[in-house]
Number of protein chains: 2
Amino acid sequence: MKKFINAPENMLAESLRGFADTHSGLIVLDEPNRFVRRRDLTTGKVALVSGGGAGHEPLHSGFVGHGMLDAACSGQVFTSPTPDQISAAARCVDTGAGCLFLVKNYAGDIMNFAMAADMAGCASATVIIDDDVATNASGEAVGRRGVAGTLIVERIVGAAAEAGWTLPQLQALGERIGSRVRSMGVALRPCAVPGAGRPTFLLDDDEIEMGVGIHGEVGIRRTRIVTADELVDELLTEIIPDLAPLVGSPLLLLVNGFGGTPAMELYLMANAARSNLAARNLSVARSLVGSYVTSLEMAGCSLTLAALDDDLLGLWDAPVNTPALRWG
Amino acid sequence: MKKFINAPENMLAESLRGFADTHSGLIVLDEPNRFVRRRDLTTGKVALVSGGGAGHEPLHSGFVGHGMLDAACSGQVFTSPTPDQISAAARCVDTGAGCLFLVKNYAGDIMNFAMAADMAGCASATVIIDDDVATNASGEAVGRRGVAGTLIVERIVGAAAEAGWTLPQLQALGERIGSRVRSMGVALRPCAVPGAGRPTFLLDDDEIEMGVGIHGEVGIRRTRIVTADELVDELLTEIIPDLAPLVGSPLLLLVNGFGGTPAMELYLMANAARSNLAARNLSVARSLVGSYVTSLEMAGCSLTLAALDDDLLGLWDAPVNTPALRWG
């Protein structure tokens, strides 16, 4: 698969430099430790630190700024950042109130963030994000993967951190949101890891991959492509039972592109999702549509639902000012 | 090429409805006339109206809002909106100060906007945008195509309209910016028009299309893929002579994805472009990186340079609040 690239081993460094130069008003890049941090830190505020493999941009670096993360560490493509990177980021952004790590549920990330927490030498806590219902059957030891719902946890916990919540309060909030967020994705075309020379899986011209992961993990079934309405119904039918949202309670809908799918199709999926939810007597209180948690150039999208309440809605709506998400 | 779609003939209507529901705080959709307009109109402000074929989202509908457009009309995919649509939009958003049409240089758009100007019955003027240097050789009668530079004209003229400039002043400003904006694109993978069943052109696994248009028009040469640095040098070497920017004068750099290229690659291209410009003693004063003027799911990107001055920089920086562009 063709890419804009000079050499696979330099891709991350060059992309991070381009990102940092483009958003230099908001963020600062630590080149040796490959993390991005907020330009302006607030003393006494709990620091939120996230990170993961590259290839999911704008997650996580694009979410650094007021009302969201304080630092984001980037590993190589689809590879966890190292404990050294993460602990350097935590030390850099901790202003005395401690550090909350927001970690997607993958073995490498869990291990490296845990080691980093020990090394950082500041008060810290961790929230694990595991929203992918396609991995419900993967067993207790492994659990569900963390995917696009991560954005929602980072945003809502970020708003609360800005409002002065303490480390234990933020950890409890993160776990509360995490339990109310579920996602599932479908791929129309795979991606290829730079330098690997071949896609992470192969699909025929009329095939799609249901329940795909964001690292090229194959899904739970491969089927012929069907209409957008049918796809949306299939995804929501997997997501909704896990959330059991109450009729009339406010839902947040995230239609997330995987990198190779244009806005025109994502908005069409958003329209299909709203119609489908309305037919189930479920009401969308807020929505977000765009390519926020990507998988390199994979074509496809995920749907995420979050069952909110008035308090969580208020935090979602609070001002946010990051490279990739901005309102208020 | 697989798409999220129900039926080709409904794609535009369903996508527009999804867009309007997602951004209902900012914009209102006129479903029968397929245009999007600002929710809050300002009496006495010149109305800016643009539009074109669908498939380029977020252009133009995503740029409707404070500091940018008042209305955007969408034709079917890669097809001009009709004079009826455009004149309905103009009548809807004109508050007495007249209407400025911002039109990309394509025969169908030029003709339909001219007919709409006659039909609308309000004072109006038109600015034609023609920034694509790949079409420099296309002759005086046809001229250069309008591509990603359109965003820059819409943004800067939009800021001036918000500041109370008159219709003749805005027309002159639009022409002045237009003469200072140049673009060129490269495709790694083509797109397919919904329902057509085949891509707009074919590329081998190692081929790229230099100077490609945003409607699947073939470019000016087909070559083997080269490094990002080499591609950027080739694009800028075509763009810069047309602008003849002065050393030290402020440049705006737009790295625009065509729909199928992820952020990680676009930021890498931005980094390459900054290095290349620095080596030419040209300085980037502002930059924007993202998929703003797309061509369905085409993989590729364009580079745009705008030679600004302090006045134009001030207008660029003024607050803007639209679905796809927001700052200040």
# chains A, B, ... in the order shown; residues from 1 in each chain; ligands from 1
>>> interface_residues(of="chain A", to="chain B", cutoff="7 Å", atoms="only C-alpha atoms", output="ChimeraX atom specification")
/A:2,4-6,14-15,17-19,22,55,57-58,188,227-229,259-265,267-271,287-288,296-297
>>> select_by_dssp(residues="region 183-323 of chain A", states="strand (DSSP E)", output="PyMOL selection string")
chain A and resi 183-189+207-210+221-224+251-257+284-290+299-307+320-321
>>> atom_distance(atom1="CA of Ser87 (chain A)", atom2="CA of Cys73 (chain A)")
9.7 Å
>>> closest_residue(among="B:Gly158, B:Ile110, B:Val142, B:Ala120", to="Asp70 (chain B)", atoms="only C-alpha atoms")
B:Gly158
